[in-house]
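Everything on this sheet refers to the single structure shown next.
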Amino acid sequence: MSRHSRLFLFLKNWVFLPLVVLCLPLLVLLGQEVYRDLKLLRSADIDSVQWTLSQVEIEYLDFLLTLERASSAEDHHLSVVRKDFDILYSRVGILGSGMLFAPMREIDGFSNAVTDVKFFLDQSTTAIDGSDADLQAYIPELQKQANALRPQIRSLFVQGLEYFASQSDQRRLSIFTTLTELAIISVTILIALGALSFYSMYANAQAQTSARALARTNAHMQTILSTTHEAVIVADTRGKIVDLNTAAETTFGYSLAEAKNQSIGDLIVPPEHRKAHAQGFARLVKTGQSRLVGKGSVHLEALKADGTRISVELAMQSAKTDDGEVFIGFLRDISQQLEVEAEIRAARDQALAGEQAKANFLAVMSHEIRTPLNGLLGNLTLISKTQLDKEQAVFAENMEISGRQLMHHVNSILDIAKFESGKATVSHTNFHLGRFLQDIVDSQSGHAGRNQTSIEWEWLGTSLDWVNGDKIILEQIMLNLVGNAIKFTHGGRMSIEAEQLLPPDGGCNVEIRIIDSGIGISEEDQLRIFEDFETCDSTYTRDGGGTGLGLAIVKRMVQLLGGQAGVESTLGEGSVFWLRLPFLPVMEPDESDGEERVKPTEQSLSILIAEDIETNAFVALKLLERDGHKVTIVKDGLSAVARAKVEVFDVILMDISMPRMDGLQATQEIRKAPPPFCDVPILAFSANVLPEETDHFRASGMDGFIGKPLQLSELRRALQAVLDNTLSANLGEEEPAVDDMAEKAQDVLNQSEYDIYLKRFIDEGAAFMETLAVIPLGGMDFTEIVSKAHQIRSTASLFGADNFATSLGNLEQEAKQSNEAACLIEIANLSEIWLKTRMSLDPNYEAAPSAE
């Protein structure tokens with residue numbers, strides 16, 4: 001039996017030990033008590049007492065008989081009287097003072113009887129000790145008194161016998177009880193010993209079963225270790241090899257006989273690593289702690305018997321054995337695995353490089369194509385306005401149509417590149433969904449009319465009016481799908497249906513269906529038309545042409561919005577493209593003036609504005625002066641510091657990007673000034689509205705933030721917070737109300753001022769776009785792009801060019817990352833948005849139609 005089995009048996013048997021330990025002292029105590037009782041029974045004390053009691057009565061009767069004889073006046077009987085009296089006196093004396101009769105004297109009847117008899121004897125002593133004549137004369141009286149004591153003498157004997165009979169009964173009962181207890185305990189011990197014997201047999205059987213199971217497990221483990229592909233090496237605390245399996249022999253080229261008692265470091269550790277191995281193993285043995293034991297695995301280089309080096313994965317565990325602690329190393333040859341992983345990484349890097357090269361190529365080529373194409377379309381527009389004959393006009397129109405198609409293809413490729421680069425983002429705004437669909441129908445009715453196709457839209461069921469979503473992306477989706485439906489529908493009917501989904505399907509609560517009576521799509525084509533560069537059959541392609549990217553872009557855009565898209569069609573009968581989109585229903589915006597919602601401060605303030613862009617500074621000046629404030633304007637951070645150190649202002653509005661010294665540096669310099677100049681509240685005045693940027697402004701010493709373009713309500717709240725000394729508590733932490741629209745320049749400036757600044761903005765925007773159009777490949781000046789994009793963006797929203805401002809912001813962020821490919825994509829998008837923006841701001845401006 002193994003040591004573990006013996007330990008198991010001992011732990012199971014120990015539960016009976018307390019029972020045996022408790023019973024043994026009880027046995028000893030009860031044995032002593034039985035011995036004591038038996039000794040008492042064996043003693044002659046009881047016999048002596050009973051004999052004494054009987055002798056008292058006998059001596060008393062002898063004394064009476066002697067008195068009766070003496071009454072016949074025979075002198076020789078007087079001596080017998082004296083002798084019998086003395087004997088009786090002695091016997092009664094024993095009853096009155098003997099230790100054996102002490103318990104009996106506690107009995108009232110016995111004690112009184114002894115007292116009466118003793119009193120008689122004491123009184124008769126004088127006569128007994130007197131002369132014979134006196135004794136002879138006293139004998140009748142003595143006889144009379146003696147006869148009177150008969151009941152007391154009898155009582156002594158009877159009560160004495162009763163007492164000793166009772167004592168004998170008690171002793172017998174005590175012995176019986178003791179013997180009974182002794183028997184119970186003896187039986188209990190016998191039962192416990194029997195149970196212990198039975199349990200020992202059972203435990204022994206269990207231990208043998210466990211030993212057999214352990215033996216089987218060891219045999220299985222040995223089989224596993226001998227057949228596993230992992231090398232297993234067992235070493236003792238000296239680092240000497242105790243055992244190794246077959247896989248270890250195969251991996252390292254050593255047999256067990258060769259490796260046993262050899263140092264594991266000398267055997268498989270490369271020479272340059274042996275010192276570190278020895279130190280680590282010594283630390284492991286000394287502290288019992290290692291980064292390997294119980295801590296997973298590590299990759300190491302190992303040495304084979306033939307000197308070949310291999311890469312191995314090592315895991316270690318420690319164990320206790322009969323011979324002491326051992327350390328078990330599990331090693332796996334991963335040389336081939338590492339080679340495969342290296343090949344996979346190389347292939348992945350090559351694929352990523354190819355994808356990046358493709359994205360860069362698409363961005364660069366699209367940019368390079370768009371630049372001359374914009375010029376071509378613009379010149380075609382100019383040519384079409386000159387005197388052309390009929391044939392030339394047809395040629396010009398055909399060229400313009402081809403140019404627009406080419407621009408559409410370039411835009412599709414750019415959209416794909418944008419999605420693949422992860423640059424596509426969602427921007428949520430509130431808009432009226434019904435009006436939006438009506439605008440789509442109105443904008444495409446002319447195109448549909450050229451194909452003799454009618455177009456209309458309607459709500460099915462309850463309408464959903466004001467919603468929150470990305471209107472720009474939705475517009476691109478709808479124009480693409482509606483344009484496709486019109487393209488393949490001639491002399492037919494096209495409609496748009498909108499319906500609320502109740503309950504919402506996967507979070508989507510609105511379904512929009514674009515239904516046409518066109519040529520339709522076959523079932524096999526329906527499965528692939530949403531993939532990149534996929535078109536339908538030759539008839540489909542011949543009729544409309546295309547890159548096969550339109551529906552792929554639609555699919556990506558719908559997924560970006562968190563929705564679903566699909567198609568149902570019958571060849572020759574028409575198609576239904578459906579969209580399921582999530583929209584957040586919102587309340588209809590309040591049309592009341594934002595100025596009425598936030599009143600100007602009652603107290604006039606002295607305000608310093610540091611702003612290098614004249615338009616922004618002038619608009620802020622007009623807004624603040626209209627509310628009755630005193631305003632001072634400086635054009636850079638250095639001037640702001642100089643002015644703030646000599647004049648105490650109520651508040652400073654500090655732009656961030658300025659020449660000579662930026663707003664953050666200027667703020668830090670002002671905070672170094674002596675009081676009260678250093679205590680003036682400073683508000684960041686910037687278009688950088690990202691949370692991390694505003695947090696950076698506060699960390700640099702600014703007290704709050706006001707975004708560009710200026711919102712009058714936000715400006716008034718900030719100034720009121722300055723007066724209330726609550727800047728740090730609430731400024732810049734709440735979104736402006738939906739109806740709290742940004743102040744536009746035309747609402748602040750008079751017409752002549754507005755015209756001047758609008759022309760300046762258009763000229764700056766056009767010049768910037770011309771600069772971007774001729775940027776050579778690999779020659780981008782990112783710093784200049786960031787500066788100029790930021791400058792123009794800060795004034796764009798003042799003139800209602802919100803989309804242009806957003807696109808400028810995207811370009812600014814990409815330029816900050818020095819990402820040329822992404823910048824080219826943003827420049828291409830910006831170019832198209834700028835054309836729309838310029839045409840909306842300048843009615844007299846004419847340019848080539850947009851790609852849409």
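Each chain of the structure tokens is named A, B, ... in the order shown, its residues numbered from 1; ligands are numbered from 1 in display order.
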
Can you pull out the residues contacting Leu161 in chain A? Cut-off 12 Å, using only C-alpha atoms, and skip same-chain residues under 2 positions away; I want them as a JSON list (two decimals) with N, CA and C atoms, in the first residue's frame.
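The new file part_34.json reads:
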```
[["chain", "number", "residue", "atom", "x", "y", "z"],
["A", 46, "ILE", "N", -19.42, -4.69, 59.39],
["A", 46, "ILE", "CA", -20.88, -4.88, 59.47],
["A", 46, "ILE", "C", -21.21, -6.05, 60.39],
["A", 47, "ASP", "N", -20.49, -7.14, 60.25],
["A", 47, "ASP", "CA", -20.72, -8.30, 61.14],
["A", 47, "ASP", "C", -20.51, -7.94, 62.61],
["A", 49, "VAL", "N", -20.80, -4.96, 64.03],
["A", 49, "VAL", "CA", -21.88, -4.09, 64.51],
["A", 49, "VAL", "C", -23.12, -4.92, 64.84],
["A", 50, "GLN", "N", -23.49, -5.79, 63.90],
["A", 50, "GLN", "CA", -24.68, -6.62, 64.15],
["A", 50, "GLN", "C", -24.49, -7.51, 65.40],
["A", 51, "TRP", "N", -23.27, -8.05, 65.56],
["A", 51, "TRP", "CA", -22.99, -8.88, 66.74],
["A", 51, "TRP", "C", -23.10, -8.06, 68.01],
["A", 52, "THR", "N", -22.59, -6.84, 67.99],
["A", 52, "THR", "CA", -22.63, -5.96, 69.18],
["A", 52, "THR", "C", -24.07, -5.68, 69.56],
["A", 53, "LEU", "N", -24.91, -5.34, 68.53],
["A", 53, "LEU", "CA", -26.32, -5.05, 68.83],
["A", 53, "LEU", "C", -27.00, -6.26, 69.47],
["A", 54, "SER", "N", -26.74, -7.44, 68.90],
["A", 54, "SER", "CA", -27.37, -8.65, 69.48],
["A", 54, "SER", "C", -26.83, -8.95, 70.88],
["A", 101, "PHE", "N", -21.06, 3.17, 65.27],
["A", 101, "PHE", "CA", -22.47, 3.45, 65.52],
["A", 101, "PHE", "C", -22.81, 4.92, 65.37],
["A", 104, "MET", "N", -25.80, 5.58, 63.24],
["A", 104, "MET", "CA", -27.05, 5.15, 63.87],
["A", 104, "MET", "C", -27.51, 6.15, 64.91],
["A", 110, "PHE", "N", -33.08, 5.58, 68.03],
["A", 110, "PHE", "CA", -31.90, 4.88, 68.50],
["A", 110, "PHE", "C", -31.15, 5.73, 69.51],
["A", 154, "ARG", "N", -34.98, -3.34, 73.16],
["A", 154, "ARG", "CA", -35.49, -3.95, 71.92],
["A", 154, "ARG", "C", -35.42, -2.98, 70.76],
["A", 155, "SER", "N", -35.68, -1.71, 71.08],
["A", 155, "SER", "CA", -35.63, -0.67, 70.02],
["A", 155, "SER", "C", -34.22, -0.53, 69.47],
["A", 156, "LEU", "N", -33.21, -0.63, 70.38],
["A", 156, "LEU", "CA", -31.83, -0.52, 69.90],
["A", 156, "LEU", "C", -31.54, -1.61, 68.88],
["A", 157, "PHE", "N", -31.95, -2.80, 69.18],
["A", 157, "PHE", "CA", -31.64, -3.94, 68.31],
["A", 157, "PHE", "C", -32.40, -3.83, 66.98],
["A", 158, "VAL", "N", -33.70, -3.51, 67.11],
["A", 158, "VAL", "CA", -34.53, -3.47, 65.89],
["A", 158, "VAL", "C", -34.10, -2.33, 64.97],
["A", 159, "GLN", "N", -33.94, -1.16, 65.56],
["A", 159, "GLN", "CA", -33.56, -0.02, 64.71],
["A", 159, "GLN", "C", -32.16, -0.20, 64.13],
["A", 163, "TYR", "N", -31.38, -0.24, 60.15],
["A", 163, "TYR", "CA", -30.42, 0.68, 59.54],
["A", 163, "TYR", "C", -29.40, -0.09, 58.69],
["A", 164, "PHE", "N", -28.84, -1.15, 59.30],
["A", 164, "PHE", "CA", -27.83, -1.89, 58.55],
["A", 164, "PHE", "C", -28.42, -2.69, 57.39],
["A", 165, "ALA", "N", -29.69, -3.04, 57.49],
["A", 165, "ALA", "CA", -30.34, -3.68, 56.35],
["A", 165, "ALA", "C", -30.49, -2.69, 55.20],
["A", 166, "SER", "N", -30.89, -1.46, 55.59],
["A", 166, "SER", "CA", -31.01, -0.40, 54.56],
["A", 166, "SER", "C", -29.67, -0.11, 53.92],
["A", 167, "GLN", "N", -28.62, -0.04, 54.74],
["A", 167, "GLN", "CA", -27.29, 0.22, 54.20],
["A", 167, "GLN", "C", -26.84, -0.91, 53.28],
["A", 168, "SER", "N", -27.17, -2.10, 53.62],
["A", 168, "SER", "CA", -26.79, -3.23, 52.78],
["A", 168, "SER", "C", -27.50, -3.15, 51.43]]
```

Check your understanding: Please, what distance in Å, to one decimal, runs between CA of Phe577 in chain A and CA of Arg513 in chain A?
Key ->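 Value for the CA of Phe577 in chain A-CA of Arg513 in chain A distance: 5.7 Å.
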
Review point. Quick one, how far is CA of Ile310 in chain A from CA of Ser335 in chain A?
Key: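 Separating CA of Ile310 in chain A from CA of Ser335 in chain A is a distance of 6.0 Å.
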
Practice item. Output as a count of residues only all residues of range 547-787 of chain A that backbone DSSP marks as strand (DSSP E). Key: 41

Just the residues within 12 Å of Ala789 in chain A, please, counting only C-alpha atoms, with nothing from its chain fewer than 2 positions along; format it as a PDB file with C-alpha atoms, in the first residue's frame.
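Saved as part_36.pdb:
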```pdb
ATOM      1  CA  SER A 657      -5.039  79.475 -33.929  1.00  0.00           C
ATOM      2  CA  ALA A 687     -14.212  75.902 -34.119  1.00  0.00           C
ATOM      3  CA  GLU A 764     -10.674  82.927 -50.144  1.00  0.00           C
ATOM      4  CA  GLY A 765     -12.586  79.685 -50.705  1.00  0.00           C
ATOM      5  CA  ALA A 767      -8.317  80.505 -54.041  1.00  0.00           C
ATOM      6  CA  PHE A 768      -7.962  77.654 -51.557  1.00  0.00           C
ATOM      7  CA  MET A 769      -9.749  75.210 -53.864  1.00  0.00           C
ATOM      8  CA  THR A 771      -4.488  75.621 -54.606  1.00  0.00           C
ATOM      9  CA  LEU A 772      -5.768  72.183 -53.674  1.00  0.00           C
ATOM     10  CA  PHE A 782       0.039  69.663 -44.432  1.00  0.00           C
ATOM     11  CA  THR A 783       0.746  72.602 -42.123  1.00  0.00           C
ATOM     12  CA  GLU A 784      -0.504  75.080 -44.715  1.00  0.00           C
ATOM     13  CA  ILE A 785      -3.598  72.976 -45.409  1.00  0.00           C
ATOM     14  CA  VAL A 786      -4.432  72.772 -41.701  1.00  0.00           C
ATOM     15  CA  SER A 787      -4.013  76.527 -41.260  1.00  0.00           C
ATOM     16  CA  GLN A 791      -9.300  79.753 -41.225  1.00  0.00           C
ATOM     17  CA  ILE A 792     -11.959  79.319 -43.913  1.00  0.00           C
ATOM     18  CA  ARG A 793     -13.982  76.847 -41.833  1.00  0.00           C
ATOM     19  CA  SER A 794     -14.376  79.346 -39.027  1.00  0.00           C
ATOM     20  CA  THR A 795     -16.291  81.730 -41.326  1.00  0.00           C
ATOM     21  CA  ALA A 796     -18.059  79.244 -43.618  1.00  0.00           C
ATOM     22  CA  PHE A 804     -18.556  73.090 -46.693  1.00  0.00           C
ATOM     23  CA  ALA A 805     -17.465  73.830 -43.119  1.00  0.00           C
ATOM     24  CA  THR A 806     -17.924  70.177 -42.134  1.00  0.00           C
ATOM     25  CA  SER A 807     -15.890  68.979 -45.114  1.00  0.00           C
ATOM     26  CA  LEU A 808     -13.151  71.523 -44.313  1.00  0.00           C
ATOM     27  CA  GLY A 809     -13.062  70.151 -40.772  1.00  0.00           C
ATOM     28  CA  ASN A 810     -12.595  66.597 -42.095  1.00  0.00           C
ATOM     29  CA  LEU A 811      -9.748  67.778 -44.327  1.00  0.00           C
ATOM     30  CA  GLU A 812      -8.150  69.614 -41.404  1.00  0.00           C
ATOM     31  CA  GLN A 813      -8.211  66.473 -39.246  1.00  0.00           C
ATOM     32  CA  GLU A 814      -6.676  64.290 -41.979  1.00  0.00           C
ATOM     33  CA  ALA A 815      -3.992  66.891 -42.681  1.00  0.00           C
ATOM     34  CA  LYS A 816      -3.093  66.919 -38.988  1.00  0.00           C
ATOM     35  CA  CYS A 823      -6.577  64.104 -47.732  1.00  0.00           C
ATOM     36  CA  GLU A 826     -11.493  64.694 -48.685  1.00  0.00           C
ATOM     37  CA  ILE A 827     -10.255  67.199 -51.285  1.00  0.00           C
ATOM     38  CA  LEU A 830     -14.659  69.159 -50.819  1.00  0.00           C
TER      39      LEU A 830
END
```
